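As stored in input32.txt (compact mmCIF, C-alpha atoms and all ligand atoms):
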```
# COMPACT_ATOMS: atom_id res chain seq x y z
CA MET M 1 -11.33 -14.38 -10.41
CA GLU M 2 -11.72 -10.65 -10.40
CA GLN M 3 -10.10 -9.09 -7.40
CA VAL M 4 -12.36 -7.00 -5.22
CA PHE M 5 -10.68 -3.82 -4.10
CA ALA M 6 -11.00 -3.18 -0.38
CA PRO M 7 -8.25 -0.95 1.03
CA TRP M 8 -9.90 -0.94 4.44
CA ARG M 9 -8.81 -4.54 4.79
CA ILE M 10 -5.64 -2.98 6.14
CA GLU M 11 -6.89 -2.84 9.68
CA TRP M 12 -5.64 -0.91 12.66
CA VAL M 13 -2.99 -2.93 14.47
CA GLU M 14 -0.65 -2.10 17.31
CA ARG M 15 2.48 -0.41 16.04
CA ASP M 16 5.16 -2.59 17.53
CA GLU M 17 5.94 -5.11 20.24
CA THR M 18 6.61 -2.38 22.79
CA GLU M 19 3.05 -1.11 22.51
CA SER M 20 0.65 -3.37 24.29
CA ILE M 21 -2.89 -2.15 24.71
CA ASP M 22 -4.96 -3.86 27.36
CA GLY M 23 -8.55 -3.98 26.17
CA CYS M 24 -10.29 -2.45 23.17
CA PRO M 25 -7.84 -0.01 21.54
CA PHE M 26 -10.71 2.16 20.28
CA CYS M 27 -11.78 2.62 23.91
CA VAL M 28 -8.31 2.78 25.49
CA LEU M 29 -6.71 5.33 23.13
CA PRO M 30 -9.30 8.13 23.47
CA ALA M 31 -9.45 7.59 27.26
CA ARG M 32 -5.79 8.55 27.61
CA LYS M 33 -4.88 12.11 28.54
CA PRO M 34 -5.48 14.52 25.61
CA THR M 35 -1.78 15.40 25.71
CA ARG M 36 -1.14 11.86 24.42
CA ASP M 37 -3.38 12.30 21.36
CA ARG M 38 -0.45 12.75 18.98
CA GLU M 39 1.26 9.67 20.39
CA SER M 40 -2.03 7.75 20.05
CA ARG M 41 -2.50 9.31 16.59
CA ILE M 42 -5.90 10.74 17.40
CA VAL M 43 -6.02 13.81 15.16
CA ALA M 44 -9.53 15.12 15.91
CA ARG M 45 -12.28 14.61 18.48
CA SER M 46 -15.93 15.53 18.32
CA GLN M 47 -18.54 15.23 21.06
CA HIS M 48 -19.18 11.51 20.42
CA SER M 49 -16.51 10.39 17.93
CA PHE M 50 -12.82 10.64 17.17
CA VAL M 51 -10.53 10.39 14.14
CA LEU M 52 -7.63 7.93 14.35
CA LEU M 53 -4.75 7.46 11.91
CA ASN M 54 -4.23 3.93 10.66
CA ASN M 55 -0.84 2.65 11.82
CA TYR M 56 -0.24 0.88 8.51
CA PRO M 57 -2.02 3.13 6.04
CA TYR M 58 -2.99 2.02 2.58
CA ASN M 59 -2.19 5.54 1.44
CA PRO M 60 -1.10 8.70 3.27
CA GLY M 61 -4.12 10.14 5.02
CA HIS M 62 -5.76 6.78 5.73
CA VAL M 63 -7.84 7.39 8.88
CA MET M 64 -10.81 5.94 10.71
CA VAL M 65 -13.82 7.77 12.13
CA ILE M 66 -14.81 5.94 15.31
CA PRO M 67 -17.76 6.49 17.64
CA ASP M 68 -16.82 6.70 21.35
CA HIS M 69 -19.57 4.18 22.10
CA HIS M 70 -18.13 0.65 22.25
CA THR M 71 -20.38 -1.38 19.98
CA GLY M 72 -20.15 -3.42 16.81
CA SER M 73 -23.71 -2.62 15.79
CA TRP M 74 -25.04 0.51 14.15
CA ASP M 75 -28.40 -0.30 15.75
CA ALA M 76 -26.87 0.38 19.17
CA LEU M 77 -26.01 4.01 18.39
CA ASN M 78 -28.63 6.62 19.20
CA ASP M 79 -29.56 9.45 16.82
CA THR M 80 -27.16 11.91 18.45
CA GLU M 81 -24.24 9.51 18.06
CA LEU M 82 -25.20 8.70 14.47
CA LEU M 83 -25.43 12.36 13.51
CA ASP M 84 -22.17 13.15 15.27
CA HIS M 85 -20.45 10.31 13.41
CA ALA M 86 -21.81 11.54 10.06
CA ARG M 87 -20.76 15.13 10.76
CA THR M 88 -17.29 13.96 11.89
CA LYS M 89 -16.98 11.87 8.73
CA THR M 90 -17.94 14.89 6.63
CA ALA M 91 -15.37 17.08 8.39
CA THR M 92 -12.74 14.38 7.88
CA ILE M 93 -13.45 14.10 4.16
CA ASN M 94 -13.02 17.88 3.91
CA ALA M 95 -9.78 17.72 5.91
CA ILE M 96 -8.38 14.93 3.72
CA GLN M 97 -9.26 16.87 0.58
CA SER M 98 -7.67 20.01 1.95
CA ALA M 99 -4.52 18.25 3.24
CA PHE M 100 -3.84 15.76 0.45
CA ASP M 101 -5.93 16.77 -2.58
CA PRO M 102 -6.56 13.15 -3.63
CA ASP M 103 -8.38 12.17 -6.82
CA GLY M 104 -10.93 10.26 -4.76
CA ILE M 105 -11.67 8.76 -1.33
CA ASN M 106 -12.80 5.24 -0.45
CA THR M 107 -14.92 4.89 2.66
CA GLY M 108 -15.86 1.55 4.15
CA GLU M 109 -16.43 -0.71 7.11
CA ASN M 110 -15.86 -4.34 7.92
CA LEU M 111 -18.96 -5.59 9.71
CA GLY M 112 -19.09 -9.10 11.05
CA GLY M 113 -15.46 -9.77 11.90
CA ASP M 114 -13.04 -11.94 9.98
CA ALA M 115 -15.57 -12.91 7.30
CA ALA M 116 -15.59 -9.25 6.27
CA GLY M 117 -11.83 -8.86 6.63
CA GLY M 118 -11.80 -6.86 9.84
CA SER M 119 -9.77 -7.44 12.97
CA ILE M 120 -11.70 -5.39 15.54
CA ASP M 121 -15.33 -6.29 15.05
CA ASP M 122 -16.80 -5.21 18.39
CA HIS M 123 -16.14 -1.47 17.99
CA LEU M 124 -17.43 0.25 14.85
CA HIS M 125 -14.92 2.17 12.74
CA THR M 126 -15.28 3.73 9.30
CA HIS M 127 -12.18 3.78 7.10
CA LEU M 128 -11.46 6.78 4.89
CA VAL M 129 -8.74 6.13 2.32
CA PRO M 130 -7.52 8.84 -0.06
CA ARG M 131 -6.99 7.52 -3.60
CA TRP M 132 -4.94 8.74 -6.52
CA ARG M 133 -5.30 7.55 -10.08
CA GLY M 134 -2.90 4.69 -10.61
CA ASP M 135 -1.89 4.43 -6.97
CA THR M 136 -0.76 1.12 -5.58
CA ASN M 137 -0.51 -0.11 -2.05
CA MET M 138 2.99 1.08 -1.21
CA MET M 139 3.23 0.62 2.54
CA PRO M 140 3.61 -3.19 2.68
CA ILE M 141 6.66 -3.01 0.40
CA ILE M 142 8.34 -0.33 2.50
CA ASN M 143 10.62 -2.22 4.80
CA GLY M 144 11.13 -0.55 8.14
CA THR M 145 8.97 1.02 10.77
CA LYS M 146 10.89 4.31 10.68
CA VAL M 147 9.57 5.21 7.25
CA ILE M 148 6.02 4.53 8.38
CA VAL M 149 6.45 6.53 11.60
CA GLU M 150 7.81 9.53 9.71
CA ALA M 151 5.00 9.29 7.19
CA LEU M 152 2.48 9.12 10.04
CA ASP M 153 3.97 12.18 11.74
CA ASP M 154 3.66 14.09 8.48
CA THR M 155 0.10 12.86 7.99
CA TYR M 156 -0.79 13.86 11.55
CA ASP M 157 0.58 17.39 11.03
CA ARG M 158 -1.17 17.85 7.71
CA LEU M 159 -4.55 16.66 8.92
CA HIS M 160 -4.20 18.53 12.22
CA ASP M 161 -3.60 21.75 10.28
CA ALA M 162 -6.48 21.01 7.91
CA PHE M 163 -8.93 20.31 10.74
CA THR M 164 -7.80 23.46 12.53
CA THR M 165 -8.18 25.59 9.41
CA LEU M 166 -11.55 24.13 8.49
CA GLN M 167 -12.91 24.44 12.01
CA PRO M 168 -14.28 27.96 12.37
CA ALA M 169 -16.50 27.00 15.30
CA VAL M 170 -13.61 25.90 17.50
CA ASP M 171 -14.06 26.80 21.14
CA THR M 172 -12.70 30.31 21.57
CA SER M 173 -14.19 30.99 24.98
CA HIS M 174 -10.83 30.65 26.73
CA GLN M 175 -8.79 32.08 23.88
CA MET M 176 -7.99 35.72 23.42
CA THR M 177 -8.86 37.59 20.25
CA ASP M 178 -6.04 38.98 18.14
CA THR M 179 -6.70 42.44 19.52
CA GLU M 180 -6.63 41.22 23.09
CA ASN M 181 -3.45 39.30 22.32
CA LYS M 182 -1.77 42.42 20.96
CA GLN M 183 -2.86 44.44 24.00
CA GLN M 184 -1.51 41.72 26.26
CA GLU M 185 1.75 41.63 24.33
CA THR M 186 2.09 45.40 24.61
CA ARG M 187 1.49 45.23 28.38
CA ASN M 188 4.13 42.56 28.69
CA MET M 189 6.74 44.46 26.70
CA GLY M 190 9.76 45.25 28.75
CA ASN M 191 8.96 43.12 31.77
CA ASN M 192 8.21 39.48 31.27
CA ALA M 193 7.86 39.36 27.48
CA ASP M 194 10.32 36.48 27.20
CA HIS M 195 8.48 34.53 29.83
CA THR M 196 5.14 35.11 28.08
CA SER M 197 6.47 34.06 24.70
CA ALA M 198 7.94 30.90 26.27
CA MET M 199 4.56 30.19 27.81
CA GLN M 200 2.93 30.78 24.44
CA GLN M 201 5.36 28.37 22.82
CA ASP M 202 4.53 25.76 25.45
CA ALA M 203 0.82 26.30 24.80
CA ASP M 204 1.36 25.98 21.05
CA ALA M 205 3.35 22.78 21.50
CA GLU M 206 0.68 21.37 23.78
CA ALA M 207 -2.08 22.27 21.30
CA SER M 208 -0.24 20.57 18.45
CA ASN M 209 -0.02 17.39 20.54
CA GLN M 210 -3.76 17.36 21.20
CA ALA M 211 -6.50 16.41 18.79
CA VAL M 212 -8.42 19.22 17.17
CA THR M 213 -11.78 19.63 18.88
CA LEU M 214 -14.63 19.48 16.37
CA ARG M 215 -17.78 21.40 17.23
CA PHE M 216 -20.79 21.28 14.98
CA ASP M 217 -23.47 23.85 14.60
CA SER M 218 -26.19 21.43 15.66
CA HIS M 219 -28.51 21.39 18.65
CA GLU M 220 -28.74 17.62 18.35
CA ILE M 221 -25.05 17.19 19.15
CA SER M 222 -24.77 19.61 22.02
CA SER M 223 -24.53 17.16 24.88
ZN ZN Y 301 -14.18 -0.24 22.27
```
Could you write out this structure as structure tokens?
Ligand SMILES: [Zn+2]
Amino acid sequence: MEQVFAPWRIEWVERDETESIDGCPFCVLPARKPTRDRESRIVARSQHSFVLLNNYPYNPGHVMVIPDHHTGSWDALNDTELLDHARTKTATINAIQSAFDPDGINTGENLGGDAAGGSIDDHLHTHLVPRWRGDTNMMPIINGTKVIVEALDDTYDRLHDAFTTLQPAVDTSHQMTDTENKQQETRNMGNNADHTSAMQQDADAEASNQAVTLRFDSHEISS
């Protein structure tokens, strides 16, 4: 029998015994404080969707685009949510290409539970799996969680950077422009410059632990 290739059969599962999520993980994880996004492996958030790393990726960069709305049916999503999901998926494809430069990308869903090979069938999620010519599924033969965790940290950083770079419309309302920053720095010279730079470092660290906010140039996804 010819084997059907379906990398998205590697479903999201809890990382280890110490992590116990009460309820639907695709509802629980994004509801945590944004400062826990890195820990939850949420790398980007849009108005109605988020991007989650797979804990046991088929390949580096294996993520899922998940609507916030808890439903297993595409019919239950309204037009705004559908458009937001499509735009988030597009942004994620661009981020994967920028971060990993794969030869191709598989995208897919398991609808209808175990018959389709999925494990979480009551909350829609679209897998995106980067592919390279001649790649094989390496993760299952890597013995040891540490390797996977390190690989996931690297994947998180790469995608986080890619989303940030590719996201020109990021909210800048509370951020200072470069010129304003320089003026501020000049003002702070000689008095509390060290304090300011420490604060800046804290802000940078906090930003790198939070998902990149995706904003789309679309009236339909404004609320
Ligand atoms: Zn859910």
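With all atoms listed in the file as the basis for measurement, M:His62 is the residue among M:Arg38, M:His125, M:Lys33, M:His62 that approaches M:Ala95 most closely.
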Selection near M:Thr35, 8 Å with all atoms listed in the file, sequence-local residues under 4 positions removed, as an mmCIF file with C-alpha atoms, in the coordinates of the input:
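Result saved to result_1.cif:
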```cif
data_model
loop_
_atom_site.group_PDB
_atom_site.id
_atom_site.type_symbol
_atom_site.label_atom_id
_atom_site.label_comp_id
_atom_site.auth_asym_id
_atom_site.auth_seq_id
_atom_site.Cartn_x
_atom_site.Cartn_y
_atom_site.Cartn_z
ATOM 1 C CA GLU M 206 0.680 21.370 23.780
ATOM 2 C CA ASN M 209 -0.020 17.390 20.540
ATOM 3 C CA GLN M 210 -3.760 17.360 21.200
#
```
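A straight line drawn from atom CA of M:Gly108 to atom CA of M:Leu166 is 23.4 Å long.
Taking atom CA of M:Arg41 as the reference point, atom CA of M:Ile96 is found at 15.2 Å.
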- Expressed in Å to a single decimal, how great is the separation between atom CA of M:Ala207 and atom CA of M:Pro30? 16.0 Å
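Considering only C-alpha atoms and all ligand atoms, the residue among M:Ala44, M:Ile66, M:Leu159, M:Leu214 positioned nearest to ligand ZN 301 (chain Y) is M:Ile66.
Among the candidates M:Ser98, M:Gln47, M:Thr165, M:Thr155, the residue lying nearest to M:Asn59 is M:Thr155 (atoms considered: only C-alpha atoms).
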Rows by chain and residue number, chain M within 12 Å of ligand ZN 301 (chain Y), shortest pair, only C-alpha atoms and all ligand atoms, as a tab-separated table:
```
residue	atom	partner	partner_atom	distance
M:Ile21	CA	Y:ZN301	ZN	11.7
M:Asp22	CA	Y:ZN301	ZN	11.1
M:Gly23	CA	Y:ZN301	ZN	7.8
M:Cys24	CA	Y:ZN301	ZN	4.6
M:Pro25	CA	Y:ZN301	ZN	6.4
M:Phe26	CA	Y:ZN301	ZN	4.7
M:Cys27	CA	Y:ZN301	ZN	4.1
M:Val28	CA	Y:ZN301	ZN	7.3
M:Leu29	CA	Y:ZN301	ZN	9.4
M:Pro30	CA	Y:ZN301	ZN	9.8
M:Ala31	CA	Y:ZN301	ZN	10.4
M:Ser49	CA	Y:ZN301	ZN	11.7
M:Ile66	CA	Y:ZN301	ZN	9.3
M:Pro67	CA	Y:ZN301	ZN	8.9
M:Asp68	CA	Y:ZN301	ZN	7.5
M:His69	CA	Y:ZN301	ZN	7.0
M:His70	CA	Y:ZN301	ZN	4.0
M:Thr71	CA	Y:ZN301	ZN	6.7
M:Gly72	CA	Y:ZN301	ZN	8.7
M:Ser73	CA	Y:ZN301	ZN	11.8
M:Ile120	CA	Y:ZN301	ZN	8.8
M:Asp121	CA	Y:ZN301	ZN	9.5
M:Asp122	CA	Y:ZN301	ZN	6.8
M:His123	CA	Y:ZN301	ZN	4.9
M:Leu124	CA	Y:ZN301	ZN	8.1
M:His125	CA	Y:ZN301	ZN	9.9
```
Would you write out those residues with C-alpha atoms, as a CSV table (one decimal), in the coordinates of the input?
```csv
chain,number,residue,atom,x,y,z
M,21,ILE,CA,-2.9,-2.2,24.7
M,22,ASP,CA,-5.0,-3.9,27.4
M,23,GLY,CA,-8.6,-4.0,26.2
M,24,CYS,CA,-10.3,-2.4,23.2
M,25,PRO,CA,-7.8,0.0,21.5
M,26,PHE,CA,-10.7,2.2,20.3
M,27,CYS,CA,-11.8,2.6,23.9
M,28,VAL,CA,-8.3,2.8,25.5
M,29,LEU,CA,-6.7,5.3,23.1
M,30,PRO,CA,-9.3,8.1,23.5
M,31,ALA,CA,-9.4,7.6,27.3
M,49,SER,CA,-16.5,10.4,17.9
M,66,ILE,CA,-14.8,5.9,15.3
M,67,PRO,CA,-17.8,6.5,17.6
M,68,ASP,CA,-16.8,6.7,21.4
M,69,HIS,CA,-19.6,4.2,22.1
M,70,HIS,CA,-18.1,0.6,22.2
M,71,THR,CA,-20.4,-1.4,20.0
M,72,GLY,CA,-20.2,-3.4,16.8
M,73,SER,CA,-23.7,-2.6,15.8
M,120,ILE,CA,-11.7,-5.4,15.5
M,121,ASP,CA,-15.3,-6.3,15.0
M,122,ASP,CA,-16.8,-5.2,18.4
M,123,HIS,CA,-16.1,-1.5,18.0
M,124,LEU,CA,-17.4,0.2,14.8
M,125,HIS,CA,-14.9,2.2,12.7
```
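Proximity of M:Val13, M:Phe216, M:Met64, M:Pro57 to M:Thr107, computed with all atoms listed in the file, is greatest for M:Met64.
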- Message: List the spatial neighbours of M:Arg131 as an NGL selection string - criterion: any atom at most 12 Å away, all atoms listed in the file, same-chain residues fewer than 6 positions off excluded.
- Response: :M and (5-7 or 57-62 or 96-97 or 100-107 or 137)
- For M:Arg87, please output as a ChimeraX atom specification all residues within 10 Å (counting all atoms listed in the file; exclusion window: fewer than 5 positions along the same chain). /M:46,49,81-82,92-93,214-218,221
Centre and edge lengths of an axis-aligned box around all listed atoms of stretch 20-30 of chain M, with 3 Å added on each side, are to be given in Å to one decimal, as lines of an AutoDock Vina configuration file.
```
center_x = -5.6
center_y = 2.1
center_z = 23.8
size_x = 18.4
size_y = 18.1
size_z = 13.1
```
Can you pull out every residue within 9 Å of M:Thr80, counting only C-alpha atoms, but drop anything in the same chain fewer than 2 positions away, and send it as a PDB file with C-alpha atoms, in the coordinates of the input?
```
ATOM      1  CA  HIS M  48     -19.180  11.510  20.420  1.00  0.00           C
ATOM      2  CA  LEU M  77     -26.010   4.010  18.390  1.00  0.00           C
ATOM      3  CA  ASN M  78     -28.630   6.620  19.200  1.00  0.00           C
ATOM      4  CA  LEU M  82     -25.200   8.700  14.470  1.00  0.00           C
ATOM      5  CA  LEU M  83     -25.430  12.360  13.510  1.00  0.00           C
ATOM      6  CA  ASP M  84     -22.170  13.150  15.270  1.00  0.00           C
ATOM      7  CA  HIS M  85     -20.450  10.310  13.410  1.00  0.00           C
ATOM      8  CA  GLU M 220     -28.740  17.620  18.350  1.00  0.00           C
ATOM      9  CA  ILE M 221     -25.050  17.190  19.150  1.00  0.00           C
ATOM     10  CA  SER M 222     -24.770  19.610  22.020  1.00  0.00           C
ATOM     11  CA  SER M 223     -24.530  17.160  24.880  1.00  0.00           C
TER      12      SER M 223
END
```
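By all atoms listed in the file, and with residues fewer than 4 positions from M:Val212 along its chain excluded, the set lying at most 9 Å from it is Ile42, Val43, Ala44, Arg45, Ser46, His160, Asp161, Phe163, Thr164, Gln167, Val170, Ala207 and Ser208 of chain M.
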Just stretch 1-88 of chain M from the block, C-alpha atoms, as a PDB file, in the first residue's frame, could you?
```
ATOM      1  CA  MET M   1       0.000   0.000   0.000  1.00  0.00           C
ATOM      2  CA  GLU M   2       1.280   3.415  -0.871  1.00  0.00           C
ATOM      3  CA  GLN M   3       1.924   5.483   2.186  1.00  0.00           C
ATOM      4  CA  VAL M   4       0.082   8.770   2.359  1.00  0.00           C
ATOM      5  CA  PHE M   5       2.277  11.561   3.620  1.00  0.00           C
ATOM      6  CA  ALA M   6       0.684  13.603   6.376  1.00  0.00           C
ATOM      7  CA  PRO M   7       3.199  15.372   8.631  1.00  0.00           C
ATOM      8  CA  TRP M   8       0.416  17.105  10.517  1.00  0.00           C
ATOM      9  CA  ARG M   9      -0.405  13.741  12.047  1.00  0.00           C
ATOM     10  CA  ILE M  10       2.190  14.772  14.600  1.00  0.00           C
ATOM     11  CA  GLU M  11      -0.282  16.569  16.796  1.00  0.00           C
ATOM     12  CA  TRP M  12       0.235  19.065  19.565  1.00  0.00           C
ATOM     13  CA  VAL M  13       0.694  17.235  22.856  1.00  0.00           C
ATOM     14  CA  GLU M  14       1.666  18.401  26.312  1.00  0.00           C
ATOM     15  CA  ARG M  15       5.424  18.571  26.667  1.00  0.00           C
ATOM     16  CA  ASP M  16       5.971  16.476  29.748  1.00  0.00           C
ATOM     17  CA  GLU M  17       4.338  15.046  32.844  1.00  0.00           C
ATOM     18  CA  THR M  18       4.926  18.243  34.804  1.00  0.00           C
ATOM     19  CA  GLU M  19       2.773  20.227  32.402  1.00  0.00           C
ATOM     20  CA  SER M  20      -0.876  19.547  32.955  1.00  0.00           C
ATOM     21  CA  ILE M  21      -3.343  21.743  31.156  1.00  0.00           C
ATOM     22  CA  ASP M  22      -6.868  21.779  32.505  1.00  0.00           C
ATOM     23  CA  GLY M  23      -9.253  22.199  29.596  1.00  0.00           C
ATOM     24  CA  CYS M  24      -8.683  22.900  25.916  1.00  0.00           C
ATOM     25  CA  PRO M  25      -4.986  23.792  25.476  1.00  0.00           C
ATOM     26  CA  PHE M  26      -5.786  26.018  22.488  1.00  0.00           C
ATOM     27  CA  CYS M  27      -8.017  28.079  24.795  1.00  0.00           C
ATOM     28  CA  VAL M  28      -5.881  27.866  27.948  1.00  0.00           C
ATOM     29  CA  LEU M  29      -2.496  28.814  26.428  1.00  0.00           C
ATOM     30  CA  PRO M  30      -3.511  32.127  24.790  1.00  0.00           C
ATOM     31  CA  ALA M  31      -5.509  33.103  27.908  1.00  0.00           C
ATOM     32  CA  ARG M  32      -2.347  33.099  30.019  1.00  0.00           C
ATOM     33  CA  LYS M  33      -0.508  36.361  30.641  1.00  0.00           C
ATOM     34  CA  PRO M  34       1.318  37.561  27.480  1.00  0.00           C
ATOM     35  CA  THR M  35       4.585  37.370  29.417  1.00  0.00           C
ATOM     36  CA  ARG M  36       4.143  33.580  29.348  1.00  0.00           C
ATOM     37  CA  ASP M  37       3.886  33.422  25.540  1.00  0.00           C
ATOM     38  CA  ARG M  38       7.433  32.136  25.105  1.00  0.00           C
ATOM     39  CA  GLU M  39       6.869  29.473  27.749  1.00  0.00           C
ATOM     40  CA  SER M  40       3.582  28.537  26.020  1.00  0.00           C
ATOM     41  CA  ARG M  41       5.382  28.745  22.656  1.00  0.00           C
ATOM     42  CA  ILE M  42       2.938  31.239  21.209  1.00  0.00           C
ATOM     43  CA  VAL M  43       5.122  33.151  18.753  1.00  0.00           C
ATOM     44  CA  ALA M  44       2.578  35.546  17.221  1.00  0.00           C
ATOM     45  CA  ARG M  45      -0.940  36.801  17.918  1.00  0.00           C
ATOM     46  CA  SER M  46      -3.377  38.541  15.628  1.00  0.00           C
ATOM     47  CA  GLN M  47      -6.768  40.010  16.502  1.00  0.00           C
ATOM     48  CA  HIS M  48      -8.581  36.647  16.304  1.00  0.00           C
ATOM     49  CA  SER M  49      -5.863  34.000  15.916  1.00  0.00           C
ATOM     50  CA  PHE M  50      -2.493  32.932  17.262  1.00  0.00           C
ATOM     51  CA  VAL M  51       0.535  30.959  16.075  1.00  0.00           C
ATOM     52  CA  LEU M  52       1.696  28.072  18.275  1.00  0.00           C
ATOM     53  CA  LEU M  53       4.837  25.954  17.925  1.00  0.00           C
ATOM     54  CA  ASN M  54       4.288  22.223  17.825  1.00  0.00           C
ATOM     55  CA  ASN M  55       5.927  20.599  20.857  1.00  0.00           C
ATOM     56  CA  TYR M  56       7.088  17.626  18.795  1.00  0.00           C
ATOM     57  CA  PRO M  57       7.708  19.175  15.391  1.00  0.00           C
ATOM     58  CA  TYR M  58       7.965  17.154  12.234  1.00  0.00           C
ATOM     59  CA  ASN M  59      10.603  19.633  11.097  1.00  0.00           C
ATOM     60  CA  PRO M  60      12.017  22.822  12.625  1.00  0.00           C
ATOM     61  CA  GLY M  61       9.470  25.580  12.146  1.00  0.00           C
ATOM     62  CA  HIS M  62       6.431  23.311  12.436  1.00  0.00           C
ATOM     63  CA  VAL M  63       3.672  25.596  13.774  1.00  0.00           C
ATOM     64  CA  MET M  64      -0.098  25.798  13.923  1.00  0.00           C
ATOM     65  CA  VAL M  65      -2.320  28.772  13.110  1.00  0.00           C
ATOM     66  CA  ILE M  66      -5.266  28.610  15.500  1.00  0.00           C
ATOM     67  CA  PRO M  67      -8.384  30.770  15.705  1.00  0.00           C
ATOM     68  CA  ASP M  68      -9.163  32.100  19.217  1.00  0.00           C
ATOM     69  CA  HIS M  69     -12.741  30.889  18.782  1.00  0.00           C
ATOM     70  CA  HIS M  70     -13.177  27.425  20.325  1.00  0.00           C
ATOM     71  CA  THR M  71     -14.840  25.384  17.602  1.00  0.00           C
ATOM     72  CA  GLY M  72     -14.146  22.322  15.508  1.00  0.00           C
ATOM     73  CA  SER M  73     -16.191  23.609  12.585  1.00  0.00           C
ATOM     74  CA  TRP M  74     -15.195  26.136   9.952  1.00  0.00           C
ATOM     75  CA  ASP M  75     -18.900  26.929   9.583  1.00  0.00           C
ATOM     76  CA  ALA M  76     -18.884  28.394  13.095  1.00  0.00           C
ATOM     77  CA  LEU M  77     -16.321  31.087  12.263  1.00  0.00           C
ATOM     78  CA  ASN M  78     -17.629  34.417  11.029  1.00  0.00           C
ATOM     79  CA  ASP M  79     -16.137  36.283   8.067  1.00  0.00           C
ATOM     80  CA  THR M  80     -13.891  38.423  10.268  1.00  0.00           C
ATOM     81  CA  GLU M  81     -12.419  35.361  11.972  1.00  0.00           C
ATOM     82  CA  LEU M  82     -11.968  33.549   8.653  1.00  0.00           C
ATOM     83  CA  LEU M  83     -10.175  36.506   7.079  1.00  0.00           C
ATOM     84  CA  ASP M  84      -8.023  36.979  10.157  1.00  0.00           C
ATOM     85  CA  HIS M  85      -7.057  33.295  10.088  1.00  0.00           C
ATOM     86  CA  ALA M  86      -6.157  33.503   6.380  1.00  0.00           C
ATOM     87  CA  ARG M  87      -4.094  36.660   6.883  1.00  0.00           C
ATOM     88  CA  THR M  88      -2.333  35.109   9.899  1.00  0.00           C
TER      89      THR M  88
END
```
